Amino acid sequence: MSLKEKEKKIKELEEKLQRIKNDPDLIDAVEGKRIEDTITRYKEHTYSSLSAYDRVYLARKSERPHIKEYIANLFDDFIEMHGDRFFKDDQAIVGGIGYFNHLPVTVIGHQKGRNLDDNMKCQFGMASPDGYRKAMRLIKQAEKFNRPIITFVDTPGAYPGIEAEENGIGEAIGQSLMLLSDVTVPVIVFVVGEGGSGGALAISIGDHIAMLENAVYSVLSPEGFASILWKDTKGERVGEACEVMKMTAKDLYEAHIIDEIIPEALGGVHKDPALTYRKIRQVITEQLDALVRVSKKDLLNRRYAKFRKIGDYRG
Amino acid sequence: MSLKEKEKKIKELEEKLQRIKNDPDLIDAVEGKRIEDTITRYKEHTYSSLSAYDRVYLARKSERPHIKEYIANLFDDFIEMHGDRFFKDDQAIVGGIGYFNHLPVTVIGHQKGRNLDDNMKCQFGMASPDGYRKAMRLIKQAEKFNRPIITFVDTPGAYPGIEAEENGIGEAIGQSLMLLSDVTVPVIVFVVGEGGSGGALAISIGDHIAMLENAVYSVLSPEGFASILWKDTKGERVGEACEVMKMTAKDLYEAHIIDEIIPEALGGVHKDPALTYRKIRQVITEQLDALVRVSKKDLLNRRYAKFRKIGDYRG
Amino acid sequence: MDKLLKERRHRLNEFKDYLGKKPASKHVEIPDGIYTKCPQCEGLVLSSHIKENMYVCPKCGRHMYISGHERLEQLFDNGKYKEYWSSMKTNDPLDFPDYDLKLEKAKKRTGMNDGVIVASGRIGHIKTVVVVMDNHFMMASMGTVAGEKITRAIEYATRKKRPLIIFSSSGGARMQEGIFSLMQMGKTCAALKRHMNAGLLYISYLTHPTTGGVTASFALLGDINIAEPGALIGFAGPRVIESTLRQKLPEGFQRSEFLVEHGFVDLIVERNKSRETLITLLHLHS
Amino acid sequence: MDKLLKERRHRLNEFKDYLGKKPASKHVEIPDGIYTKCPQCEGLVLSSHIKENMYVCPKCGRHMYISGHERLEQLFDNGKYKEYWSSMKTNDPLDFPDYDLKLEKAKKRTGMNDGVIVASGRIGHIKTVVVVMDNHFMMASMGTVAGEKITRAIEYATRKKRPLIIFSSSGGARMQEGIFSLMQMGKTCAALKRHMNAGLLYISYLTHPTTGGVTASFALLGDINIAEPGALIGFAGPRVIESTLRQKLPEGFQRSEFLVEHGFVDLIVERNKSRETLITLLHLHS
Ligand SMILES: [Zn+2]
Ligand SMILES: [Zn+2]
C-alpha cells in the first residue's frame with residue numbers, strides 16, 4: 001500500500017473515531033481509548049517505516065509549510081525585497097530582510113503556491129534567471145551589510161521555458177553558485193521540501209546544510225531519473241529510483257552531503273509545524289553563534305573545503 | 001545661407017572646375033589655378049566661421065567616421081565582444097579588446113549605422129539598457145585585467161522605447177556613471193560626433209575628455225531644447241538653441257567640461273580622417289603614458305575631483 | 001536622418017507638453033478650510049482632512065503633492081531637523097535668457113532658492129541624512145545647485161557614516177543650465193559610489209513624478225528602492241515614447257507597480273507607512 | 001500536482017530521447033579512406049578530407065565531433081601537451097546497477113577512464129591549462145571524476161597563475177552518481193571563483209552539445225565565452241521545453257548564434273580559426 005493510501009485509511013479511521021466519540025450511545029471511554037491506541041500504533045508503524053518514495057510523497061505535500069510560513073514563524077519585522085534590477089520580479093524566489101532574535105539577517109527561498117493561482121504566479125517554485133538574479137542581488141546586499149544569509153530550499157528545479165533559456169538560466173545558476181561559494185557572511189541552508197537539481201543547488205551553497213526529516217534532495221526528480229536511465233515512461237520504476245538515488249535526509253547525512261537532520265512531527269512537518277520551527281530556530285541560533293565568531297577568511301576556506309571534498313574516486 | 005547650402009555650392013564649383021580642367025580647349029593652367037584659389041578661399045571662409053548650428057550639422061553627418069573605422073585605424077588585433085550576459089547583444093554599443101601600440105586596451109563606443117538597415121540594427125546609435133550593461137561588463141573586465149579603457153561617444157541619446165523602460169534604461173545609465181567614476185584603470189573619452197544627453201554621459205566619465213573640433217555635446221538635442229523651453233515645434237529657433245546651449249567643442253573647452261579639442265580637416269573629419277586619427281593616436285599615447293604612472297588611488301581621486309568641481313553656484 | 005530629427009523634435013515637443021501639463025498632483029492647491037477635488041476619483045474632500053492625511057486622498061488613496069518641508073516634518077523624530085545650504089543659488093552658467101525671472105518666480109512661490117532640500121536629523125533615533133526634491137520649484141529639475149547640494153549631502157553622509165535617504169521627484173536635468181546640468185548626473189553618482197564603498201545604507205524613495213536625468217542617475221541606485229503608490233517613474237516621458245512608437249502604451253506603464261514587476265523597485269509604501277517603514281529599515285541596517 | 005508530475009515525467013522522457021539519440025555529430029564515424037555523409041548537407045566527402053579539415057564539413061561548414069585528444073593536438077604548440085590525472089576512476093558512490101558495465105564499455109570505445117581530459121602546455125608560447133570534455137565517453141556527463149579533474153585543473157591554473165580554457169560538451173550531470181554529480185557543479189564554480197579572484201583569464205569554449213549541469217555551472221562563466229558555430233547550448237533540452245510548452249520552438253533556439261543574440265556568448269569561432277583566436281586572446285591577457 002502506498003503512503004497515500006495508508007494516509008487515506010488513517011484519515012478514515014480518525015473520522016470514524018471522532019463520530020463514535022461524539023455519540024455517547026455508541027461507546028464507552030475504555031473502548032474509545034482502545035480504538036485510539038490502535039490508530040496511533042498504526043500511524044507510528046506507518047511513519048516509522050517510510051520508504052524513500054514515501055518521503056518524496058511527503059516532501060511534495062502542498063500542506064507543508066512554505067517559505068512565507070517559515071519567515072512568519074522564525075523572523076521578526078521581515079520586509080520582502082523585490083526584483084533583480086534587470087528584468088523582473090520572479091515570484092518563484094522570495095527574499096528579504098528581518099531579525100532573527102535581534103540580529104538582522106537576509107532570508108531567501110523558493111516559493112511554491114498552494115492554489116492554482118499562486119502556482120501559476122510562482123511557477124510551482126521553479127525559478128527563472130530573474131529569480132536567481134534577485135537572490136544574487138540580495139546576497140551581495142547581505143555581504144555589504146555583513147548580514148548572515150538563511151536560505152529555504154523547496155523547488156522541483158529551475159523553470160524549463162523559452163524565456164528562461166533566452167535570459168540565461170544556466171548562466172544565472174552558475175553565477176549564483178560562484179557567488180555563494182565566496183560570500184563573506186555565514187550562509188545557513190535548510191532544505192525544507194523538494195531539493196531539485198541545479199535550481200535547488202543554486203541557493204544551497206552554505207556553511208551549514210540542514211534538511212528536514214522528510215525532505216528530499218537530488219540531481220533530478222526520481223521520475224526524470226527513471227525515465228532517463230531506465231526508459232521508464234510509465235512511472236513503474238520511480239519507487240526504485242527513489243531508493244537508488246539516495247535522496248532522503250538520512251541518505252544524504254550518511255553521505256556527508258548535509259550536516260544535520262531536522263525532525264518533523266509524526267506524519268510530516270505540517271502536522272505540527274511549531275515543533276520543526278523550534279528546532280530550526282535552535283539550529284540557526286547555534287550556527288550563527290558559532291559562525292559569526294569565525295574570521296571571514298576561515299569562513300571562506302571552510303566553506304570551500306566543505307564542497308571541495310565531495311567526490312568518490314580513485315587513481 | 002546654411003552650411004548645407006554652402007557645401008552644395010562648394011561641391012558644384014568643384015565639379016565645374018573638374019570639368020574645365022579635363023577639357024584642354026576650355027582653359028589654361030593659370031586660369032584653372034585662379035578658379036581653384038577662389039574655391040579654396042570660399043571654403044576656408046565657410047569653415048572658419050561656422051556657427052554652433054553648423055557644427056551640429058557637421059557632427060551628425062553620416063559620412064563621419066564611425067566607431068568601427070576608429071577601431072580599425074587606431075587599434076591592432078581588435079576582437080569585438082558581445083552581449084550583456086543578461087538579455088541581449090545591443091548593436092548600438094560596440095566593445096572589445098585590442099592593442100594600442102603594444103598595450104592591450106578595452107574600447108567601447110556607440111555605433112550609428114550608415115544605411116537604413118544598419119540604422120535599424122543599431123537604433124541610430126541610441127543604446128538600450130542591454131547596451132550599457134554590455135559596456136559595464138567590459139569595463140569590469142578591463143578593471144580585472146588592468147586594461148585602460150578608451151570610449152568613443154556618438155549618440156543622439158539613449159533609446160526611448162517600451163522595452164528600454166521595462167528593462168530599466170535609467171538604472172543602467174546610473175549604474176554606468178557610478179561604475180566609471182570608480183574604475184581603477186585609466187579612462188580616455190573621445191566625443192567624436194553627437195554627444196547627446198545621459199546616453200552619451202553614460203560612457204563619458206573619464207580621466208581625459210577630448211572632443212573633435214566639430215563634435216557637439218549637450219544635455220539634450222537643440223531641437224528638444226528649443227521645443228521644451230520655447231515651445232518651438234517648427235524648428236525655427238533651433239539655431240538660437242545651438243548658440244545658447246554652448247554645445248560646441250570650443251564652448252565646452254572654455255567651460256572646462258572637456259580637456260582638449262582634436263582638429264578636423266577643413267570641411268570635417270571625413271575629408272581627411274587620417275589627420276584626425278593621427279591626432280587621436282597622439283592624445284592616447286600622451287595620456288596613457290601619463291595615466292599609467294598614477295597610482296590607482298590618485299587616479300580615482302583626480303577623476304572624482306574632475307567631475308566634483310563642475311558647477312556654478314554661490315551661497 | 002531628417003525624418004529622424006523631425007520625429008525627435010516632435011517627440012521632445014510632446015515631452016515638453018508632458019512636463020508642462022501632466023503632473024496633475026502638482027496643480028492641486030489645497031487652501032485651508034475649503035473642499036478640494038481629488039484629481040483621481042474627483043471626490044470632494046475637506047482640504048484640512050487631506051492635509052491631515054498627508055495629502056493622500058482618503059477616498060481613493062491618490063498620493064498628491066506634499067511640500068518638501070512638510071514631508072521632512074512628518075519624517076524626523078518630533079518633526080525636528082537641520083537644513084543645510086538653503087541659501088545656495090545658481091550663477092546661471094549659460095547666462096540663459098529670462099532664467100533669472102523664472103527663478104525669482106519659483107522662489108516667490110515656494111520660499112526656496114532651489115527645489116532640493118538637504119536635511120539631517122534623527123529618524124527613530126538614528127541620525128540620517130535626507131534629501132527631498134520639491135517639484136513646486138521648477139519641477140525640481142537638476143541644475144548645478146541641485147547637483148551640488150545632493151553631492152554635498154551624500155559626502156556629508158559618507159563622512160559622518162550615516163544612512164542616506166533621497167526622496168526623488170524631478171522633471172530631469174535643468175535645461176537652462178545645459179551641459180552643467182548633465183554633468184550633475186555624473187557628479188552625484190560618483191559621490192554615491194563612495195557612500196556605497198563605505199558600506200553605508202542608501203534608500204532611494206521615488207515619488208511622483210521622477211523622470212529624465214534623475215531617474216538616470218541616483219534615483220534607481222538605492223540599496224533599497226521604495227516608491228509611493230502610482231508614481232510615474234521613467235527615463236523618457238510616456239508621451240515621448242508613445243509618439244515615437246505611434247502606439248498606445250500598456251496600462252500602468254512606468255508607474256510604481258510596473259517598476260516592481262520589472263524588478264527595479266523593492267517595495268511600494270503608502271505615505272502614512274513611510275516613517276514606520278523607514279525606521280524599521282534604518283534599524284535593520286544600524 | 002499529479003498532472004505536473006506526469007508532465008515532468010513525460011518531459012524527462014523526451015529529454016532522455018534527446019540525450020540518447022540527438023547529437024548527430026556523435027554518431028558520424030569517420031573510417032579512413034572512404035566517404036562520409038555529412039549529417040547536415042548530406043554531401044559525400046572523403047573521410048580523410050574531413051579529418052584534415054578538423055572535422056568540419058568542407059561543403060556546408062558543419063562542425064562535427066572531434067575527439068578530445070585531436071583537439072588538444074591541434075591547439076597546443078607543436079601538438080605537445082601533458083595530460084593530468086588520466087587514470088582517475090569513479091568509485092561508483094551510489095553502487096548503481098550496471099554502471100560499471102557502462103563505464104567499461106565507454107572505456108573500451110574511447111580508451112579513456114572519463115570524458116574529461118586535463119592538459120597543460122604552451123599555446124602561442126603561453127603556458128595554459130586546458131580542459132576538454134569528450135562526449136564519446138558517456139556524453140561527457142559530469143560525475144565525481146569529471147568534477148574532481150576540472151576542479152584540480154582550475155586549482156592548478158590558479159596556483160601556477162595560468163590562464164584556463166575549458167572546451168565544454170556535456171549531457172549534464174551524470175545521473176548514475178546522483179547527488180554527488182550535482183555537487184560537482186558547486187565545487188567547480190567555487191574553484192573558478194578563486195581563479196577569477198586571482199585576476200586570471202578563463203575562456204569558456206562551448207561546443208556541441210553543452211546542456212544541463214555543465215551549462216548551469218562553469219560553461220557560461222568565462223571572462224570570454226566562445227562557441228563553435230551551430231552548437232546546441234542550453235540548460236533544459238529543447239525537447240523538454242517543447243513538450244512542456246506544447247509549441248514549436250523558435251528557429252535556431254539554443255544554438256550558438258541564439259546565445260550571441262541574447263548576450264551570453266562573446267564570439268563564434270570556426271574550428272580552423274580556433275588556435276589563432278585563442279593565441280590572440282591569450283596574448284592580449286598576458
Ligand atoms: Zn481620490
Ligand atoms: Zn556538410
# chains A, B, ... in the order shown; residues from 1 in each chain; ligands from 1
>>> interface_residues(of="chain A", to="chain D", cutoff="8 Å", atoms="only C-alpha atoms", output="NGL selection string")
:A and (160-162 or 165-175 or 177-179 or 181-182 or 197-198 or 201 or 205 or 217-220 or 223-225 or 227-229 or 231-233 or 235 or 244-247 or 304 or 307-308 or 310-315)
>>> write_last_selection(atoms="C-alpha atoms", output="compact mmCIF listing (two decimals), in the first residue's frame")
# COMPACT_ATOMS: atom_id res chain seq x y z
CA PRO A 160 12.28 24.94 -18.27
CA GLY A 161 10.96 27.52 -20.72
CA ILE A 162 11.84 29.62 -23.73
CA GLU A 165 16.70 29.90 -21.73
CA GLU A 166 16.77 33.22 -23.59
CA ASN A 167 17.66 35.03 -20.40
CA GLY A 168 20.35 32.55 -19.48
CA ILE A 169 19.04 30.25 -16.76
CA GLY A 170 22.29 28.28 -16.91
CA GLU A 171 24.41 31.40 -16.54
CA ALA A 172 22.30 32.61 -13.63
CA ILE A 173 22.62 29.34 -11.71
CA GLY A 174 26.37 29.22 -12.36
CA GLN A 175 26.83 32.80 -11.17
CA LEU A 177 26.97 29.03 -7.22
CA MET A 178 30.10 31.11 -7.69
CA LEU A 179 28.77 33.99 -5.62
CA SER A 181 30.84 29.97 -2.59
CA ASP A 182 32.68 33.19 -1.84
CA SER A 197 18.55 19.74 -9.34
CA GLY A 198 20.57 22.88 -10.16
CA LEU A 201 21.69 23.86 -5.56
CA ILE A 205 25.96 26.54 -1.11
CA TYR A 217 17.41 16.49 -2.40
CA SER A 218 18.57 15.06 -5.69
CA VAL A 219 20.26 15.61 -9.01
CA LEU A 220 16.92 15.22 -10.78
CA GLU A 223 10.61 10.39 -12.39
CA GLY A 224 13.17 12.04 -14.64
CA PHE A 225 15.86 9.76 -13.35
CA SER A 227 12.94 7.90 -17.40
CA ILE A 228 16.45 8.80 -18.50
CA LEU A 229 18.25 5.78 -17.17
CA LYS A 231 13.46 4.46 -20.23
CA ASP A 232 10.65 4.15 -17.72
CA THR A 233 7.97 6.42 -19.14
CA GLY A 235 6.47 5.66 -13.78
CA VAL A 244 18.82 4.00 -5.62
CA MET A 245 19.27 7.80 -5.80
CA LYS A 246 19.86 8.15 -2.06
CA MET A 247 17.88 11.32 -1.88
CA TYR A 304 35.44 25.86 0.14
CA PHE A 307 32.25 21.35 -1.08
CA ARG A 308 35.74 20.66 -2.35
CA ILE A 310 32.67 15.93 -2.11
CA GLY A 311 33.52 13.17 -4.53
CA ASP A 312 34.22 9.48 -4.67
CA TYR A 313 37.05 8.47 -6.97
CA ARG A 314 40.36 6.72 -7.04
CA GLY A 315 43.57 6.92 -9.03
>>> residues_around(residues="Ile10 in chain B", least_positions_apart="6", cutoff="8 Å", atoms="only C-alpha atoms", output="PyMOL selection string")
chain B and resi 39+42-43
>>> write_last_selection(atoms="N, CA and C atoms", output="mmCIF file, in the first residue's frame")
data_model
loop_
_atom_site.group_PDB
_atom_site.id
_atom_site.type_symbol
_atom_site.label_atom_id
_atom_site.label_comp_id
_atom_site.auth_asym_id
_atom_site.auth_seq_id
_atom_site.Cartn_x
_atom_site.Cartn_y
_atom_site.Cartn_z
ATOM 1 N N ILE B 39 37.893 78.967 -55.000
ATOM 2 C CA ILE B 39 37.138 77.940 -54.264
ATOM 3 C C ILE B 39 37.752 77.722 -52.892
ATOM 4 N N TYR B 42 36.900 80.416 -50.554
ATOM 5 C CA TYR B 42 35.500 80.331 -50.141
ATOM 6 C C TYR B 42 35.318 79.229 -49.087
ATOM 7 N N LYS B 43 35.995 78.094 -49.312
ATOM 8 C CA LYS B 43 35.923 77.005 -48.359
ATOM 9 C C LYS B 43 36.494 77.420 -47.003
#
>>> residues_near_ligand(ligand="ligand 1", cutoff="10 Å", atoms="only C-alpha atoms and all ligand atoms", output="list in words")
Thr36, Lys37, Cys38, Pro39, Gln40, Cys41, Glu42, Gly43, Leu44, Val45, Ile50, Val56, Cys57, Pro58, Lys59, Cys60, Gly61, Arg62, His63 and Met64 of chain C
>>> write_last_selection(atoms="C-alpha atoms", output="tab-separated table (two decimals), in the first residue's frame")
chain	number	residue	atom	x	y	z
C	36	THR	CA	-10.59	70.02	-2.66
C	37	LYS	CA	-11.43	67.90	-5.65
C	38	CYS	CA	-9.26	64.79	-5.92
C	39	PRO	CA	-7.72	64.66	-9.39
C	40	GLN	CA	-8.14	60.91	-9.47
C	41	CYS	CA	-11.53	59.99	-8.01
C	42	GLU	CA	-12.88	63.54	-8.38
C	43	GLY	CA	-14.35	63.26	-4.89
C	44	LEU	CA	-14.65	66.42	-2.80
C	45	VAL	CA	-12.71	66.27	0.42
C	50	ILE	CA	-6.37	65.95	3.07
C	56	VAL	CA	-3.38	61.32	0.39
C	57	CYS	CA	-6.97	61.26	-0.81
C	58	PRO	CA	-8.96	59.49	1.93
C	59	LYS	CA	-11.40	58.26	-0.72
C	60	CYS	CA	-9.14	56.69	-3.37
C	61	GLY	CA	-5.66	56.74	-1.86
C	62	ARG	CA	-4.21	59.02	-4.52
C	63	HIS	CA	-0.88	60.38	-3.34
C	64	MET	CA	-0.87	64.10	-4.07
>>> closest_residue(among="A:Glu163, A:Met1, A:Gly157, A:Leu74", to="Thr285 in chain A", atoms="only C-alpha atoms")
A:Leu74
>>> atom_distance(atom1="CA of Asp259 in chain A", atom2="CA of His208 in chain A")
6.3 Å
>>> residues_around(residues="range 271-283 of chain B", least_positions_apart="4", cutoff="12 Å", atoms="only C-alpha atoms", output="NGL selection string")
:B and (58 or 61 or 63-67 or 69-75 or 100-101 or 150-152 or 188-192 or 208-214 or 259-267 or 287-291)
>>> write_last_selection(atoms="N, CA and C atoms", output="short mmCIF file (atom, residue, chain, number, x, y, z; two decimals), in the first residue's frame")
data_model
loop_
_atom_site.label_atom_id
_atom_site.label_comp_id
_atom_site.auth_asym_id
_atom_site.auth_seq_id
_atom_site.Cartn_x
_atom_site.Cartn_y
_atom_site.Cartn_z
N LEU B 58 27.46 69.32 -38.98
CA LEU B 58 28.66 68.51 -39.27
C LEU B 58 28.76 67.29 -38.36
N LYS B 61 26.74 64.40 -39.54
CA LYS B 61 26.94 63.91 -40.92
C LYS B 61 27.23 62.42 -40.94
N GLU B 63 28.68 60.79 -43.12
CA GLU B 63 29.99 60.48 -43.72
C GLU B 63 31.11 60.44 -42.68
N ARG B 64 30.87 60.98 -41.50
CA ARG B 64 31.93 60.97 -40.49
C ARG B 64 32.35 59.54 -40.15
N PRO B 65 33.60 59.35 -39.75
CA PRO B 65 34.00 58.00 -39.33
C PRO B 65 33.13 57.53 -38.17
N HIS B 66 32.81 56.26 -38.17
CA HIS B 66 32.06 55.66 -37.08
C HIS B 66 33.00 54.81 -36.25
N ILE B 67 32.50 54.29 -35.15
CA ILE B 67 33.33 53.54 -34.20
C ILE B 67 34.18 52.48 -34.88
N GLU B 69 35.45 52.39 -37.82
CA GLU B 69 36.60 52.99 -38.50
C GLU B 69 37.66 53.45 -37.50
N TYR B 70 37.20 54.03 -36.41
CA TYR B 70 38.19 54.43 -35.40
C TYR B 70 38.95 53.20 -34.91
N ILE B 71 38.20 52.14 -34.67
CA ILE B 71 38.86 50.93 -34.18
C ILE B 71 39.86 50.40 -35.21
N ALA B 72 39.42 50.32 -36.45
CA ALA B 72 40.29 49.76 -37.49
C ALA B 72 41.56 50.59 -37.67
N ASN B 73 41.45 51.89 -37.45
CA ASN B 73 42.59 52.76 -37.72
C ASN B 73 43.47 53.06 -36.52
N LEU B 74 42.99 52.71 -35.34
CA LEU B 74 43.76 53.07 -34.15
C LEU B 74 44.28 51.86 -33.37
N PHE B 75 43.62 50.72 -33.55
CA PHE B 75 43.96 49.58 -32.70
C PHE B 75 44.32 48.36 -33.55
N PHE B 100 46.66 48.99 -28.35
CA PHE B 100 47.03 50.33 -28.79
C PHE B 100 48.56 50.35 -28.70
N ASN B 101 49.22 50.55 -29.84
CA ASN B 101 50.63 50.23 -29.91
C ASN B 101 50.78 48.81 -29.38
N ILE B 150 39.14 53.05 -23.50
CA ILE B 150 39.00 54.19 -24.40
C ILE B 150 37.59 54.17 -24.96
N THR B 151 36.87 55.28 -24.80
CA THR B 151 35.49 55.29 -25.30
C THR B 151 35.33 56.31 -26.43
N PHE B 152 34.41 55.98 -27.33
CA PHE B 152 34.07 56.86 -28.44
C PHE B 152 32.56 57.16 -28.36
N ILE B 188 39.88 57.12 -21.10
CA ILE B 188 40.04 58.26 -22.00
C ILE B 188 38.81 58.31 -22.91
N VAL B 189 38.20 59.49 -22.97
CA VAL B 189 36.93 59.63 -23.68
C VAL B 189 37.12 60.52 -24.91
N PHE B 190 36.59 60.08 -26.06
CA PHE B 190 36.56 60.92 -27.25
C PHE B 190 35.12 61.13 -27.68
N VAL B 191 34.68 62.37 -27.64
CA VAL B 191 33.37 62.69 -28.19
C VAL B 191 33.61 62.98 -29.67
N VAL B 192 33.18 62.05 -30.53
CA VAL B 192 33.57 62.14 -31.92
C VAL B 192 32.47 62.66 -32.84
N HIS B 208 40.37 61.81 -19.03
CA HIS B 208 40.68 62.82 -20.04
C HIS B 208 39.56 62.81 -21.06
N ILE B 209 38.95 63.96 -21.27
CA ILE B 209 37.82 64.03 -22.21
C ILE B 209 38.26 64.90 -23.39
N ALA B 210 38.38 64.27 -24.55
CA ALA B 210 38.73 65.03 -25.74
C ALA B 210 37.52 65.07 -26.67
N MET B 211 37.47 66.12 -27.48
CA MET B 211 36.29 66.27 -28.34
C MET B 211 36.77 66.71 -29.70
N LEU B 212 36.21 66.12 -30.74
CA LEU B 212 36.57 66.54 -32.08
C LEU B 212 36.05 67.95 -32.32
N GLU B 213 36.79 68.66 -33.14
CA GLU B 213 36.51 70.07 -33.40
C GLU B 213 35.04 70.35 -33.73
N ASN B 214 34.45 69.49 -34.52
CA ASN B 214 33.06 69.73 -34.93
C ASN B 214 32.05 68.85 -34.19
N ASP B 259 38.73 68.52 -21.93
CA ASP B 259 40.14 68.84 -21.70
C ASP B 259 40.89 69.21 -22.96
N GLU B 260 40.36 68.87 -24.10
CA GLU B 260 41.16 69.01 -25.31
C GLU B 260 40.27 68.97 -26.54
N ILE B 261 40.68 69.74 -27.56
CA ILE B 261 39.95 69.71 -28.82
C ILE B 261 40.84 69.06 -29.88
N ILE B 262 40.28 68.10 -30.61
CA ILE B 262 41.03 67.40 -31.65
C ILE B 262 40.67 68.03 -33.00
N PRO B 263 41.66 68.49 -33.74
CA PRO B 263 41.35 69.16 -35.00
C PRO B 263 40.77 68.20 -36.05
N GLU B 264 39.95 68.76 -36.91
CA GLU B 264 39.42 68.01 -38.05
C GLU B 264 39.89 68.71 -39.32
N ALA B 265 39.87 67.96 -40.42
CA ALA B 265 40.22 68.55 -41.71
C ALA B 265 39.21 69.64 -42.08
N LEU B 266 39.60 70.50 -42.96
CA LEU B 266 38.69 71.53 -43.45
C LEU B 266 37.48 70.84 -44.05
N GLY B 267 36.31 71.21 -43.56
CA GLY B 267 35.09 70.58 -44.08
C GLY B 267 34.63 69.41 -43.24
N GLN B 287 48.32 60.50 -23.07
CA GLN B 287 47.51 60.29 -21.87
C GLN B 287 47.85 58.97 -21.18
N LEU B 288 47.94 57.91 -21.96
CA LEU B 288 48.27 56.62 -21.34
C LEU B 288 49.61 56.70 -20.65
N ASP B 289 50.54 57.32 -21.35
CA ASP B 289 51.87 57.49 -20.79
C ASP B 289 51.81 58.14 -19.42
N ALA B 290 51.00 59.16 -19.31
CA ALA B 290 50.88 59.86 -18.02
C ALA B 290 50.03 59.07 -17.03
N LEU B 291 48.90 58.55 -17.49
CA LEU B 291 47.93 57.95 -16.56
C LEU B 291 48.39 56.63 -15.96
#
>>> atom_distance(atom1="CA of Ala202 in chain A", atom2="CA of Val260 in chain C")
23.5 Å
>>> atom_distance(atom1="CA of Pro229 in chain C", atom2="CA of Asn113 in chain C")
28.7 Å
>>> decode(residues="range 2-16 of chain B", atoms="N, CA and C atoms", output="short mmCIF file (atom, residue, chain, number, x, y, z; two decimals), in the first residue's frame")
data_model
loop_
_atom_site.label_atom_id
_atom_site.label_comp_id
_atom_site.auth_asym_id
_atom_site.auth_seq_id
_atom_site.Cartn_x
_atom_site.Cartn_y
_atom_site.Cartn_z
N SER B 2 22.66 78.38 -45.14
CA SER B 2 23.06 77.34 -44.19
C SER B 2 24.31 76.64 -44.69
N LEU B 3 24.99 75.97 -43.77
CA LEU B 3 26.20 75.25 -44.16
C LEU B 3 25.88 74.21 -45.23
N LYS B 4 24.73 73.61 -45.11
CA LYS B 4 24.32 72.60 -46.08
C LYS B 4 24.30 73.21 -47.49
N GLU B 5 23.72 74.39 -47.59
CA GLU B 5 23.65 75.07 -48.88
C GLU B 5 25.04 75.48 -49.37
N LYS B 6 25.83 75.99 -48.43
CA LYS B 6 27.19 76.37 -48.81
C LYS B 6 27.98 75.18 -49.32
N GLU B 7 27.79 74.04 -48.62
CA GLU B 7 28.52 72.84 -49.04
C GLU B 7 28.07 72.40 -50.43
N LYS B 8 26.79 72.59 -50.70
CA LYS B 8 26.27 72.25 -52.02
C LYS B 8 26.94 73.13 -53.08
N LYS B 9 27.05 74.40 -52.76
CA LYS B 9 27.66 75.35 -53.69
C LYS B 9 29.13 74.98 -53.93
N ILE B 10 29.83 74.68 -52.86
CA ILE B 10 31.25 74.29 -52.99
C ILE B 10 31.38 73.08 -53.90
N LYS B 11 30.49 72.13 -53.67
CA LYS B 11 30.53 70.90 -54.45
C LYS B 11 30.31 71.20 -55.94
N GLU B 12 29.35 72.07 -56.22
CA GLU B 12 29.07 72.44 -57.60
C GLU B 12 30.29 73.10 -58.25
N LEU B 13 30.91 74.02 -57.50
CA LEU B 13 32.09 74.71 -58.02
C LEU B 13 33.22 73.74 -58.32
N GLU B 14 33.40 72.84 -57.40
CA GLU B 14 34.49 71.86 -57.57
C GLU B 14 34.24 70.95 -58.77
N GLU B 15 32.99 70.57 -58.96
CA GLU B 15 32.66 69.73 -60.11
C GLU B 15 32.88 70.51 -61.42
N LYS B 16 32.50 71.77 -61.39
CA LYS B 16 32.68 72.64 -62.57
C LYS B 16 34.17 72.74 -62.89
#
